[in-house]
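**Student:** CSV, C-alpha atoms, saved as input_20.csv, coming up:
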```csv
chain,number,residue,atom,x,y,z
A,1,MET,CA,6.8,-13.9,-38.0
A,2,LYS,CA,8.4,-13.0,-34.7
A,3,VAL,CA,7.8,-14.9,-31.5
A,4,CYS,CA,8.9,-13.5,-28.1
A,5,VAL,CA,9.8,-16.0,-25.4
A,6,THR,CA,10.3,-14.9,-21.7
A,7,ALA,CA,13.6,-16.3,-20.5
A,8,LEU,CA,16.2,-16.3,-17.7
A,9,GLY,CA,18.9,-15.6,-20.3
A,10,PRO,CA,19.3,-14.0,-23.7
A,11,LYS,CA,20.0,-17.1,-25.8
A,12,GLU,CA,18.1,-19.9,-27.6
A,13,ASP,CA,19.2,-22.5,-25.0
A,14,SER,CA,18.3,-20.2,-22.0
A,15,GLU,CA,15.6,-21.5,-19.7
A,16,VAL,CA,12.1,-20.1,-20.0
A,17,ASP,CA,11.1,-17.6,-17.3
A,18,PRO,CA,7.5,-18.3,-16.3
A,19,ARG,CA,6.8,-14.6,-15.4
A,20,PHE,CA,5.9,-12.2,-18.2
A,21,GLY,CA,6.1,-8.6,-16.9
A,22,ARG,CA,9.2,-9.2,-14.7
A,23,CYS,CA,11.0,-11.9,-16.7
A,24,ARG,CA,14.8,-11.4,-16.9
A,25,PHE,CA,15.0,-11.5,-20.7
A,26,PHE,CA,12.8,-11.3,-23.8
A,27,VAL,CA,14.2,-13.6,-26.5
A,28,PHE,CA,12.8,-12.7,-29.9
A,29,PHE,CA,12.8,-15.6,-32.4
A,30,ASN,CA,12.1,-15.1,-36.1
A,31,LEU,CA,10.2,-18.2,-37.3
A,32,HIS,CA,11.3,-17.7,-40.9
A,33,THR,CA,15.0,-16.7,-40.6
A,34,ARG,CA,15.5,-18.6,-37.3
A,35,GLU,CA,17.3,-15.4,-36.1
A,36,VAL,CA,17.5,-14.9,-32.3
A,37,GLU,CA,17.7,-11.6,-30.4
A,38,GLY,CA,17.9,-11.4,-26.6
A,39,VAL,CA,16.8,-8.2,-24.8
A,40,ALA,CA,17.3,-7.6,-21.1
A,41,ASN,CA,14.0,-6.6,-19.4
A,42,PRO,CA,14.3,-3.1,-18.0
A,43,ASN,CA,11.1,-3.5,-16.0
A,44,ILE,CA,12.2,-6.1,-13.4
A,45,GLU,CA,12.5,-3.6,-10.5
A,46,SER,CA,9.5,-1.5,-11.5
A,47,SER,CA,7.3,-0.8,-8.5
A,48,GLY,CA,4.2,-1.1,-10.6
A,49,GLY,CA,3.0,-1.5,-14.2
A,50,ALA,CA,5.8,-3.9,-15.2
A,51,GLY,CA,3.4,-6.0,-17.3
A,52,ILE,CA,2.1,-2.9,-19.2
A,53,GLN,CA,5.7,-1.7,-19.8
A,54,SER,CA,6.9,-5.1,-20.9
A,55,ALA,CA,3.9,-5.6,-23.2
A,56,GLN,CA,4.7,-2.3,-24.9
A,57,LEU,CA,8.3,-3.3,-25.3
A,58,VAL,CA,7.3,-6.6,-26.9
A,59,ALA,CA,4.8,-5.0,-29.2
A,60,SER,CA,7.3,-2.3,-30.3
A,61,LYS,CA,9.8,-5.0,-31.3
A,62,GLY,CA,7.2,-6.3,-33.7
A,63,ALA,CA,6.5,-9.7,-32.0
A,64,ALA,CA,3.1,-11.2,-33.0
A,65,ILE,CA,3.2,-14.0,-30.4
A,66,VAL,CA,4.4,-14.3,-26.8
A,67,LEU,CA,5.3,-17.6,-25.3
A,68,THR,CA,5.5,-17.5,-21.4
A,69,GLY,CA,4.5,-19.3,-18.3
A,70,HIS,CA,1.8,-17.0,-16.9
A,71,VAL,CA,0.3,-13.6,-17.8
A,72,GLY,CA,-1.3,-11.1,-15.5
A,73,PRO,CA,-4.4,-8.9,-16.2
A,74,ASN,CA,-2.6,-5.6,-17.2
A,75,ALA,CA,-0.1,-7.3,-19.5
A,76,PHE,CA,-2.9,-9.4,-21.0
A,77,LYS,CA,-5.0,-6.2,-21.7
A,78,THR,CA,-2.0,-4.4,-23.3
A,79,LEU,CA,-0.8,-7.3,-25.4
A,80,SER,CA,-4.3,-8.0,-26.7
A,81,ALA,CA,-4.7,-4.3,-27.6
A,82,ALA,CA,-1.5,-4.5,-29.5
A,83,GLY,CA,-2.7,-7.6,-31.4
A,84,VAL,CA,-0.1,-9.9,-29.8
A,85,SER,CA,-1.3,-13.5,-29.2
A,86,ILE,CA,-0.3,-15.0,-25.9
A,87,PHE,CA,0.5,-18.7,-25.3
A,88,THR,CA,1.0,-19.8,-21.7
A,89,GLY,CA,2.4,-22.9,-20.1
A,90,ALA,CA,5.8,-22.7,-21.9
A,91,THR,CA,8.6,-24.6,-20.0
A,92,SER,CA,12.2,-25.9,-20.6
A,93,THR,CA,14.4,-23.8,-23.0
A,94,VAL,CA,13.5,-21.0,-25.4
A,95,LYS,CA,14.3,-23.4,-28.3
A,96,GLU,CA,12.0,-26.1,-26.9
A,97,ALA,CA,9.2,-23.6,-26.2
A,98,VAL,CA,9.3,-22.5,-29.8
A,99,ALA,CA,9.3,-26.1,-31.0
A,100,ALA,CA,6.3,-26.8,-28.7
A,101,TYR,CA,4.5,-23.8,-30.2
A,102,GLU,CA,5.3,-24.9,-33.7
A,103,ALA,CA,4.0,-28.4,-32.9
A,104,GLY,CA,0.8,-26.8,-31.6
A,105,LYS,CA,1.4,-28.0,-28.1
A,106,LEU,CA,0.9,-24.7,-26.3
A,107,THR,CA,-2.5,-23.3,-25.5
A,108,ARG,CA,-3.5,-19.8,-26.5
A,109,ALA,CA,-4.5,-17.7,-23.4
A,110,ILE,CA,-8.0,-16.2,-23.7
A,111,ALA,CA,-7.8,-14.6,-20.2
A,112,PRO,CA,-5.1,-13.6,-17.7
A,113,ASP,CA,-4.0,-16.6,-15.5
A,114,SER,CA,-2.2,-14.8,-12.6
A,115,ALA,CA,-2.8,-11.8,-10.4
A,116,SER,CA,-1.3,-8.4,-10.5
A,117,LYS,CA,2.1,-8.2,-8.8
A,118,SER,CA,2.5,-12.0,-8.6
A,119,GLY,CA,5.9,-11.8,-10.4
A,120,MET,CA,7.3,-9.5,-7.8
A,121,GLY,CA,10.3,-10.4,-5.6
A,122,ARG,CA,11.2,-13.6,-7.3
B,123,MET,CA,-2.6,18.3,20.8
B,124,ILE,CA,-2.6,15.6,18.1
B,125,ILE,CA,-1.4,12.2,19.3
B,126,ALA,CA,-0.9,9.3,16.8
B,127,VAL,CA,-0.7,5.7,17.9
B,128,ALA,CA,1.5,3.6,15.5
B,129,SER,CA,3.5,0.4,15.9
B,130,GLY,CA,5.4,-1.0,13.0
B,131,LYS,CA,4.2,-4.6,13.6
B,132,GLY,CA,0.5,-5.2,13.3
B,133,GLY,CA,-1.5,-6.6,16.1
B,134,THR,CA,0.6,-5.1,18.9
B,135,GLY,CA,-2.4,-3.2,20.4
B,136,LYS,CA,-2.6,0.2,18.6
B,137,THR,CA,-6.4,0.2,18.6
B,138,THR,CA,-6.6,-0.9,22.3
B,139,VAL,CA,-4.2,1.9,23.3
B,140,ALA,CA,-5.8,4.5,21.2
B,141,VAL,CA,-9.4,3.7,22.1
B,142,ASN,CA,-8.8,3.4,25.9
B,143,MET,CA,-6.7,6.5,26.0
B,144,ALA,CA,-9.6,8.3,24.3
B,145,LEU,CA,-11.9,7.1,27.0
B,146,VAL,CA,-9.8,8.5,29.9
B,147,ALA,CA,-8.9,11.7,28.0
B,148,GLY,CA,-12.3,13.3,28.2
B,149,SER,CA,-13.6,15.2,25.2
B,150,VAL,CA,-11.6,14.0,22.2
B,151,ARG,CA,-11.6,13.6,18.4
B,152,PHE,CA,-10.8,10.0,17.4
B,153,LEU,CA,-9.6,9.4,13.9
B,154,ASP,CA,-9.2,5.8,12.8
B,155,CYS,CA,-6.7,6.2,9.9
B,156,ASP,CA,-6.2,2.5,9.3
B,157,VAL,CA,-8.4,2.9,6.3
B,158,GLU,CA,-7.6,-0.6,4.8
B,159,GLU,CA,-9.0,-2.3,7.9
B,160,PRO,CA,-10.6,0.2,10.4
B,161,ASN,CA,-11.7,-1.5,13.6
B,162,ALA,CA,-11.8,1.2,16.3
B,163,HIS,CA,-15.6,1.6,15.8
B,164,LEU,CA,-16.1,-2.0,17.0
B,165,PHE,CA,-15.0,-0.8,20.4
B,166,LEU,CA,-16.2,2.8,20.6
B,167,LYS,CA,-19.5,2.0,18.8
B,168,PRO,CA,-20.3,5.4,17.4
B,169,ALA,CA,-23.7,6.3,15.8
B,170,PHE,CA,-22.6,7.1,12.3
B,171,GLN,CA,-24.4,9.9,10.4
B,172,GLY,CA,-24.2,8.7,6.8
B,173,GLU,CA,-21.1,8.4,4.6
B,174,ILE,CA,-19.1,10.9,2.6
B,175,PRO,CA,-17.6,9.5,-0.6
B,176,VAL,CA,-13.9,9.8,-1.4
B,177,SER,CA,-12.9,9.9,-5.0
B,178,VAL,CA,-9.8,10.5,-7.1
B,179,PRO,CA,-9.6,11.9,-10.6
B,180,VAL,CA,-8.6,9.5,-13.4
B,181,PRO,CA,-7.9,10.3,-17.0
B,182,VAL,CA,-10.4,9.7,-19.8
B,183,VAL,CA,-9.1,10.0,-23.3
B,184,ASP,CA,-11.1,11.7,-26.1
B,185,THR,CA,-10.2,9.4,-29.0
B,186,LYS,CA,-11.4,12.0,-31.5
B,187,LYS,CA,-8.8,14.6,-30.3
B,188,CYS,CA,-6.0,12.1,-29.5
B,189,THR,CA,-3.3,11.8,-32.1
B,190,GLY,CA,-1.5,9.0,-30.3
B,191,CYS,CA,1.7,11.0,-29.7
B,192,GLY,CA,2.4,9.0,-26.5
B,193,LYS,CA,3.2,12.0,-24.3
B,194,CYS,CA,0.7,10.9,-21.6
B,195,ALA,CA,2.3,7.4,-21.2
B,196,GLU,CA,5.7,8.9,-21.2
B,197,VAL,CA,5.0,11.3,-18.4
B,198,CYS,CA,3.1,8.8,-16.2
B,199,VAL,CA,5.6,7.5,-13.6
B,200,TYR,CA,3.0,4.9,-12.4
B,201,HIS,CA,2.6,3.4,-15.9
B,202,ALA,CA,-1.2,3.9,-15.7
B,203,LEU,CA,-1.4,4.8,-19.4
B,204,ALA,CA,-0.1,2.8,-22.4
B,205,VAL,CA,-0.1,3.9,-26.0
B,206,ILE,CA,-0.3,1.0,-28.4
B,207,PRO,CA,0.8,1.6,-31.9
B,208,SER,CA,-1.1,0.0,-34.8
B,209,PRO,CA,0.0,-0.4,-38.4
B,210,ASP,CA,-3.4,0.3,-40.0
B,211,LYS,CA,-5.1,2.6,-37.6
B,212,LYS,CA,-4.5,5.4,-35.0
B,213,PRO,CA,-2.5,4.4,-31.9
B,214,GLN,CA,-4.8,3.3,-29.0
B,215,VAL,CA,-4.5,4.7,-25.5
B,216,LEU,CA,-5.1,2.2,-22.6
B,217,VAL,CA,-5.9,3.5,-19.1
B,218,PHE,CA,-5.3,1.4,-16.0
B,219,PRO,CA,-7.3,3.3,-13.3
B,220,HIS,CA,-6.0,1.2,-10.4
B,221,LEU,CA,-2.4,2.2,-11.2
B,222,CYS,CA,-3.3,5.9,-11.4
B,223,HIS,CA,-2.1,8.1,-8.5
B,224,ALA,CA,-4.2,11.0,-9.7
B,225,CYS,CA,-1.2,13.4,-10.2
B,226,GLY,CA,-2.8,15.1,-13.2
B,227,ALA,CA,0.4,15.1,-15.3
B,228,CYS,CA,-1.3,13.4,-18.4
B,229,SER,CA,-4.2,15.8,-18.6
B,230,LEU,CA,-1.9,18.8,-18.0
B,231,LEU,CA,0.7,17.9,-20.6
B,232,CYS,CA,-1.4,16.4,-23.4
B,233,PRO,CA,-0.6,18.7,-26.3
B,234,GLU,CA,-4.1,18.1,-27.8
B,235,GLY,CA,-6.1,18.7,-24.7
B,236,ALA,CA,-7.6,15.3,-25.3
B,237,ILE,CA,-7.5,14.1,-21.7
B,238,ARG,CA,-10.2,15.1,-19.2
B,239,GLU,CA,-10.5,13.8,-15.6
B,240,GLU,CA,-13.4,11.8,-14.2
B,241,GLN,CA,-14.0,11.1,-10.6
B,242,ARG,CA,-13.5,7.5,-9.5
B,243,SER,CA,-14.7,6.4,-6.0
B,244,ILE,CA,-12.1,4.7,-3.8
B,245,GLY,CA,-13.8,4.7,-0.4
B,246,VAL,CA,-15.8,6.6,2.1
B,247,ILE,CA,-15.5,8.6,5.3
B,248,GLU,CA,-17.9,8.0,8.2
B,249,GLU,CA,-18.3,10.1,11.3
B,250,GLY,CA,-20.4,10.0,14.4
B,251,VAL,CA,-20.5,10.5,18.2
B,252,CYS,CA,-20.0,8.1,21.0
B,253,GLY,CA,-20.2,9.7,24.5
B,254,LYS,CA,-17.5,12.4,24.7
B,255,VAL,CA,-15.7,11.1,21.6
B,256,TYR,CA,-16.2,12.6,18.2
B,257,PHE,CA,-15.4,9.6,15.9
B,258,VAL,CA,-14.2,9.7,12.3
B,259,HIS,CA,-12.8,6.8,10.1
B,260,GLY,CA,-12.1,6.1,6.5
B,261,LYS,CA,-12.9,2.9,4.7
B,262,MET,CA,-11.1,2.1,1.5
B,263,ASN,CA,-12.8,-0.1,-1.1
B,264,VAL,CA,-11.4,-3.6,-1.5
B,265,GLY,CA,-8.7,-3.7,-4.2
B,266,GLU,CA,-7.8,0.0,-4.0
B,267,VAL,CA,-4.3,1.1,-3.1
B,268,LEU,CA,-4.5,4.9,-2.6
B,269,SER,CA,-5.0,4.8,1.2
B,270,PRO,CA,-2.9,8.0,1.8
B,271,THR,CA,-5.6,10.0,-0.1
B,272,ILE,CA,-8.4,8.7,2.2
B,273,ILE,CA,-6.1,9.2,5.3
B,274,ARG,CA,-5.6,12.8,4.4
B,275,ARG,CA,-9.3,13.3,4.0
B,276,VAL,CA,-9.9,11.8,7.5
B,277,LYS,CA,-7.3,14.1,8.9
B,278,GLU,CA,-9.2,17.1,7.5
B,279,ARG,CA,-11.4,16.4,10.5
B,280,ILE,CA,-8.7,17.3,13.0
B,281,ASP,CA,-9.8,20.1,15.3
B,282,PRO,CA,-6.6,22.1,16.2
B,283,ASP,CA,-8.2,23.3,19.5
B,284,ALA,CA,-9.2,19.8,20.7
B,285,LEU,CA,-7.3,16.7,21.7
B,286,THR,CA,-7.1,14.5,18.6
B,287,ILE,CA,-6.1,10.8,18.8
B,288,ILE,CA,-5.1,9.1,15.6
B,289,ASP,CA,-5.1,5.3,15.3
B,290,ALA,CA,-2.5,4.7,12.6
B,291,PRO,CA,-2.2,1.8,10.2
B,292,PRO,CA,0.5,-0.9,10.8
B,293,GLY,CA,3.8,-0.9,8.9
B,294,THR,CA,6.2,1.9,8.1
B,295,SER,CA,5.3,2.9,4.6
B,296,CYS,CA,3.3,5.6,2.9
B,297,PRO,CA,0.0,5.1,4.8
B,298,VAL,CA,1.8,5.4,8.1
B,299,VAL,CA,3.7,8.4,7.0
B,300,ALA,CA,0.4,10.0,5.8
B,301,ALA,CA,-1.3,9.2,9.2
B,302,ILE,CA,1.4,10.5,11.5
B,303,LYS,CA,2.6,13.5,9.4
B,304,GLY,CA,2.1,16.8,11.3
B,305,VAL,CA,1.1,15.2,14.7
B,306,ASP,CA,2.5,16.5,17.9
B,307,PHE,CA,3.4,13.2,19.5
B,308,CYS,CA,3.6,9.6,18.4
B,309,VAL,CA,3.0,6.6,20.6
B,310,LEU,CA,4.7,3.4,19.3
B,311,VAL,CA,3.1,0.3,20.7
B,312,THR,CA,5.2,-2.8,20.8
B,313,GLU,CA,5.2,-6.3,22.3
B,314,PRO,CA,8.2,-8.0,24.0
B,315,THR,CA,8.8,-10.4,21.2
B,316,PRO,CA,11.7,-10.5,18.6
B,317,PHE,CA,9.2,-9.6,15.9
B,318,GLY,CA,7.7,-6.7,17.9
B,319,LEU,CA,11.2,-5.3,18.6
B,320,HIS,CA,12.3,-5.7,15.0
B,321,ASP,CA,9.4,-3.7,13.7
B,322,LEU,CA,9.7,-1.2,16.6
B,323,THR,CA,13.2,-0.3,15.4
B,324,LEU,CA,11.8,0.4,11.9
B,325,ALA,CA,9.0,2.6,13.3
B,326,VAL,CA,11.6,4.5,15.5
B,327,ASP,CA,13.6,5.2,12.3
B,328,VAL,CA,10.5,6.7,10.7
B,329,VAL,CA,9.4,9.0,13.6
B,330,ARG,CA,13.0,10.1,14.1
B,331,GLN,CA,13.4,11.0,10.5
B,332,MET,CA,10.0,12.9,10.7
B,333,LYS,CA,11.2,14.6,13.8
B,334,ILE,CA,8.1,13.7,15.8
B,335,PRO,CA,8.5,13.4,19.6
B,336,PHE,CA,7.6,9.8,20.6
B,337,GLY,CA,7.5,7.2,23.3
B,338,VAL,CA,6.9,3.5,23.6
B,339,VAL,CA,4.1,1.5,25.1
B,340,ILE,CA,5.0,-2.1,25.9
B,341,ASN,CA,1.9,-4.2,25.5
B,342,ARG,CA,1.6,-7.8,26.7
B,343,ALA,CA,4.4,-7.1,29.2
B,344,GLY,CA,5.5,-10.3,30.9
B,345,LEU,CA,5.3,-12.2,27.6
B,346,GLY,CA,8.5,-13.0,25.7
B,347,ASN,CA,11.8,-11.3,26.8
B,348,ASP,CA,13.2,-7.9,28.0
B,349,ALA,CA,14.8,-7.0,24.6
B,350,ALA,CA,12.3,-4.3,23.8
B,351,GLU,CA,12.8,-2.6,27.1
B,352,ASP,CA,16.6,-2.9,26.9
B,353,TYR,CA,16.5,-1.4,23.4
B,354,CYS,CA,14.5,1.6,24.7
B,355,ARG,CA,17.0,2.1,27.5
B,356,THR,CA,20.0,2.0,25.2
B,357,GLU,CA,18.3,4.3,22.7
B,358,ARG,CA,17.0,6.6,25.5
B,359,ILE,CA,13.4,6.2,24.4
B,360,PRO,CA,10.9,6.8,27.2
B,361,VAL,CA,8.7,3.8,28.0
B,362,LEU,CA,5.4,5.5,28.7
B,363,VAL,CA,3.5,2.6,30.3
B,364,LYS,CA,3.5,-1.2,30.2
B,365,ILE,CA,0.2,-3.1,29.8
B,366,PRO,CA,0.3,-6.5,31.4
B,367,PHE,CA,-0.1,-9.8,29.4
B,368,ASP,CA,-3.5,-10.6,30.9
B,369,ARG,CA,-6.1,-13.1,29.7
B,370,GLU,CA,-8.9,-10.8,30.9
B,371,ILE,CA,-7.8,-8.1,28.4
B,372,ALA,CA,-7.9,-10.6,25.5
B,373,VAL,CA,-11.4,-11.8,26.5
B,374,ARG,CA,-12.7,-8.2,26.6
B,375,TYR,CA,-11.0,-7.4,23.3
B,376,SER,CA,-12.4,-10.4,21.5
B,377,SER,CA,-16.0,-9.4,22.5
B,378,GLY,CA,-15.5,-5.8,21.4
B,379,GLU,CA,-15.3,-4.4,24.9
B,380,THR,CA,-13.2,-1.4,26.1
B,381,LEU,CA,-11.0,-1.6,29.2
B,382,ALA,CA,-10.5,1.8,30.8
B,383,ASP,CA,-14.2,2.3,31.6
B,384,LYS,CA,-14.6,-1.2,33.1
B,385,SER,CA,-11.6,-1.6,35.3
B,386,LEU,CA,-9.9,0.8,37.7
B,387,VAL,CA,-6.5,-0.7,37.1
B,388,MET,CA,-6.8,-0.2,33.4
B,389,ALA,CA,-8.2,3.4,33.8
B,390,LYS,CA,-5.1,4.1,35.8
B,391,ILE,CA,-2.7,2.7,33.2
B,392,PHE,CA,-4.3,4.8,30.4
B,393,SER,CA,-4.5,8.0,32.5
B,394,LYS,CA,-0.8,7.5,33.3
B,395,LEU,CA,-0.1,7.1,29.6
B,396,TYR,CA,-1.8,10.4,28.7
B,397,GLN,CA,0.1,12.1,31.6
B,398,ASN,CA,3.4,10.7,30.5
B,399,ILE,CA,2.8,11.7,26.9
B,400,CYS,CA,2.2,15.3,28.0
B,401,GLN,CA,5.3,15.2,30.2
B,402,VAL,CA,7.6,13.8,27.4
B,403,LYS,CA,6.1,16.3,24.9
B,404,ASN,CA,6.7,19.2,27.2
B,405,GLU,CA,10.3,18.1,27.7
B,406,ALA,CA,10.8,17.8,24.0
B,407,ASP,CA,9.3,21.3,23.5
B,408,ARG,CA,11.7,22.7,26.1
B,409,ARG,CA,14.7,21.2,24.4
B,410,SER,CA,13.8,22.5,20.9
```
Let me see the structure of the file written as structure tokens.

**Tutor:**
Amino acid sequence: MKVCVTALGPKEDSEVDPRFGRCRFFVFFNLHTREVEGVANPNIESSGGAGIQSAQLVASKGAAIVLTGHVGPNAFKTLSAAGVSIFTGATSTVKEAVAAYEAGKLTRAIAPDSASKSGMGR
Amino acid sequence: MIIAVASGKGGTGKTTVAVNMALVAGSVRFLDCDVEEPNAHLFLKPAFQGEIPVSVPVPVVDTKKCTGCGKCAEVCVYHALAVIPSPDKKPQVLVFPHLCHACGACSLLCPEGAIREEQRSIGVIEEGVCGKVYFVHGKMNVGEVLSPTIIRRVKERIDPDALTIIDAPPGTSCPVVAAIKGVDFCVLVTEPTPFGLHDLTLAVDVVRQMKIPFGVVINRAGLGNDAAEDYCRTERIPVLVKIPFDREIAVRYSSGETLADKSLVMAKIFSKLYQNICQVKNEADRRS
């Protein structure tokens, strides 16, 4: 199973980026093979719809789970439609966020917890 | 003639200038194009005759016809549509109405003809009479973003044979451009503060690029510094009138009162403003 962590860099020891739609990188982590793939987010400068675009990217990469800080309404709707589970409150590094998830320490989001556009200009 | 009153910075006195100029100009059409927060009606107090809804078309997908090809999401530059693949069933199309700019590309380019358009209300237009002023304004619903659409609808009420005064929204982006596009003259209201001057320079860039003849009104003159006036002198921008920084004006404003019909001094200032606009406009016409 593939987990996607929003991060400031492309690596396992990169820091978690608390934004979803406009995070700098998506780090895909395969829970079985422990393989890591970092993908730069092309939607950072998007004037609108960044959450939707990012959600489509994550789903198309086959991730079943997203670990991030916060998630907005449009991203939440799109990820949910794609059957991707969202866990918010991730902090520290990608590696530690995955460890926290595996230890059951992150909570599954049942609703968006930030407003549209709140990841802009940061 | 169509005169727009804009400013760059908010709260410099656009509505005060627009409303009081309307009162001294005689028979006018007054269009409050600050549809996100219209307030000129608080001063002119027109008797509104009902409201006209403003709506925009948004896509509705017929899931029976849709094959999930993804063309609609691909052509939508505003990302208002998302096509979500699914391993076991047909791809799902999500529509985000608040991101839609009603361009119609998705319904036009859907190869299956699976997208039809439905009207979604985004605001209203209200109109009415107050004395010699025919008043129109737009009111956008809270949470909506397509103010230029409502502004254009308000501007359909321009009477080319009458004097029209447009109270523009603050800022220098799309809503302002929509409000001042096609006007004969633009009044830029500023205040003698660093913030007022900064935003004035942005507004000047906009009107120059749009090739609209313009002049500046310095409101709250006596407050702050002379930088705005120095800037106008250096840039050869006519200062149409100065409105003094006066407690009495603030008191009247805060209780929804107008100025030009209550005080001779104020009536003179706004009459002078209208005369100077006509003069600057004539000079601009002669040069071109």

**Student:** Give me, as a PyMOL selection string, the residues of chain A touching chain B, with the criterion being at most 12 Å (counting only C-alpha atoms).

**Tutor:** chain A and resi 43+46-62+73-84+115-117

**Student:** List the residues sitting within 12 Å of (16.0, -17.7, -34.2) in the file's frame, using only C-alpha atoms, as a VMD selection string.

**Tutor:** chain A and resid 1 to 5 10 to 13 27 to 38 94 to 96 98 to 99

**Student:** Those residues with C-alpha atoms, as a PDB file, in the frame of the given file please?

**Tutor:**
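For reference, again39.pdb as written:
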```pdb
ATOM      1  CA  MET A   1       6.800 -13.900 -38.000  1.00  0.00           C
ATOM      2  CA  LYS A   2       8.400 -13.000 -34.700  1.00  0.00           C
ATOM      3  CA  VAL A   3       7.800 -14.900 -31.500  1.00  0.00           C
ATOM      4  CA  CYS A   4       8.900 -13.500 -28.100  1.00  0.00           C
ATOM      5  CA  VAL A   5       9.800 -16.000 -25.400  1.00  0.00           C
ATOM      6  CA  PRO A  10      19.300 -14.000 -23.700  1.00  0.00           C
ATOM      7  CA  LYS A  11      20.000 -17.100 -25.800  1.00  0.00           C
ATOM      8  CA  GLU A  12      18.100 -19.900 -27.600  1.00  0.00           C
ATOM      9  CA  ASP A  13      19.200 -22.500 -25.000  1.00  0.00           C
ATOM     10  CA  VAL A  27      14.200 -13.600 -26.500  1.00  0.00           C
ATOM     11  CA  PHE A  28      12.800 -12.700 -29.900  1.00  0.00           C
ATOM     12  CA  PHE A  29      12.800 -15.600 -32.400  1.00  0.00           C
ATOM     13  CA  ASN A  30      12.100 -15.100 -36.100  1.00  0.00           C
ATOM     14  CA  LEU A  31      10.200 -18.200 -37.300  1.00  0.00           C
ATOM     15  CA  HIS A  32      11.300 -17.700 -40.900  1.00  0.00           C
ATOM     16  CA  THR A  33      15.000 -16.700 -40.600  1.00  0.00           C
ATOM     17  CA  ARG A  34      15.500 -18.600 -37.300  1.00  0.00           C
ATOM     18  CA  GLU A  35      17.300 -15.400 -36.100  1.00  0.00           C
ATOM     19  CA  VAL A  36      17.500 -14.900 -32.300  1.00  0.00           C
ATOM     20  CA  GLU A  37      17.700 -11.600 -30.400  1.00  0.00           C
ATOM     21  CA  GLY A  38      17.900 -11.400 -26.600  1.00  0.00           C
ATOM     22  CA  VAL A  94      13.500 -21.000 -25.400  1.00  0.00           C
ATOM     23  CA  LYS A  95      14.300 -23.400 -28.300  1.00  0.00           C
ATOM     24  CA  GLU A  96      12.000 -26.100 -26.900  1.00  0.00           C
ATOM     25  CA  VAL A  98       9.300 -22.500 -29.800  1.00  0.00           C
ATOM     26  CA  ALA A  99       9.300 -26.100 -31.000  1.00  0.00           C
TER      27      ALA A  99
END
```

**Student:** With all atoms listed in the file as the counted atoms, please give the residues lying no more than 9 Å from Leu106 in chain A, apart from itself and same-chain residues fewer than 3 positions off, as a list of chain:residue names.

**Tutor:** A:Leu67, A:Phe87, A:Thr88, A:Gly89, A:Ala90, A:Ala97, A:Ala100, A:Tyr101, A:Glu102, A:Ala103

**Student:** Which residue is closest to Ala40 in chain A? Choose from A:Ile110, A:Val71, A:Val66, A:Ala7 and count only C-alpha atoms.

**Tutor:**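 Using only C-alpha atoms, Ala40 in chain A sits closest to A:Ala7.
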
**Student:** Can you measure CA of Glu158 in chain B to CA of Leu310 in chain B for me? One decimal in Å is fine.

**Tutor:** 19.4 Å

**Student:** What's around Asn347 in chain B at 12 Å? Count all atoms listed in the file, leave out sequence neighbours fewer than 6 positions away in its own chain, and write the answer as a list in words.

**Tutor:**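 What passes the distance filter is Glu313, Pro314, Thr315, Pro316, Phe317, Gly318, Leu319, Ile340 and Tyr353 of chain B.
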
**Student:** Kindly indicate which residue among A:Ser85, A:Thr6, A:Thr91, A:Ser14 lies nearest to Ile65 in chain A, using only C-alpha atoms for the distances.

**Tutor:** A:Ser85

**Student:** Between CA of Leu381 in chain B and CA of Ala162 in chain B, what distance in Å does the model show, to one decimal?

**Tutor:** 13.2 Å

**Student:** Quick one: residues within 9 Å of Arg151 in chain B, all atoms listed in the file, excluding same-chain residues fewer than 4 positions away - as an MDAnalysis selection string?

**Tutor:** chainID B and resid 144 254:258 279:281 284:288

**Student:** Give me, please, the distance in Å between CA of Thr137 in chain B and CA of Gly304 in chain B, quoted to one decimal.

**Tutor:**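 These atoms are spaced 20.0 Å apart.
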
**Student:** Within 8 Å of Val139 in chain B, counting only C-alpha atoms, which residues show up once you throw out same-chain ones fewer than 2 positions away? Write them as a ChimeraX atom specification, please.

**Tutor:** /B:127,135-137,141-143,311,392

**Student:** Write out, as a short mmCIF file (atom, residue, chain, number, x, y, z; two decimals), in the coordinates of the input, the residues just selected, with C-alpha atoms.

**Tutor:**
```cif
data_model
loop_
_atom_site.label_atom_id
_atom_site.label_comp_id
_atom_site.auth_asym_id
_atom_site.auth_seq_id
_atom_site.Cartn_x
_atom_site.Cartn_y
_atom_site.Cartn_z
CA VAL B 127 -0.70 5.70 17.90
CA GLY B 135 -2.40 -3.20 20.40
CA LYS B 136 -2.60 0.20 18.60
CA THR B 137 -6.40 0.20 18.60
CA VAL B 141 -9.40 3.70 22.10
CA ASN B 142 -8.80 3.40 25.90
CA MET B 143 -6.70 6.50 26.00
CA VAL B 311 3.10 0.30 20.70
CA PHE B 392 -4.30 4.80 30.40
#
```

**Student:** Restricting the calculation to only C-alpha atoms, which member of B:Met388, B:Ala406, B:Met332, B:Leu164 is positioned closest to Ile359 in chain B?

**Tutor:**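 Distance minimum relative to Ile359 in chain B lands on B:Ala406.
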
**Student:** Find the spatial neighbours of Leu362 in chain B, counting only C-alpha atoms, within a cut-off of 8 Å - ignore same-chain residues fewer than 6 positions away - and output them as a PyMOL selection string.

**Tutor:** chain B and resi 337-339+394-395+398-399
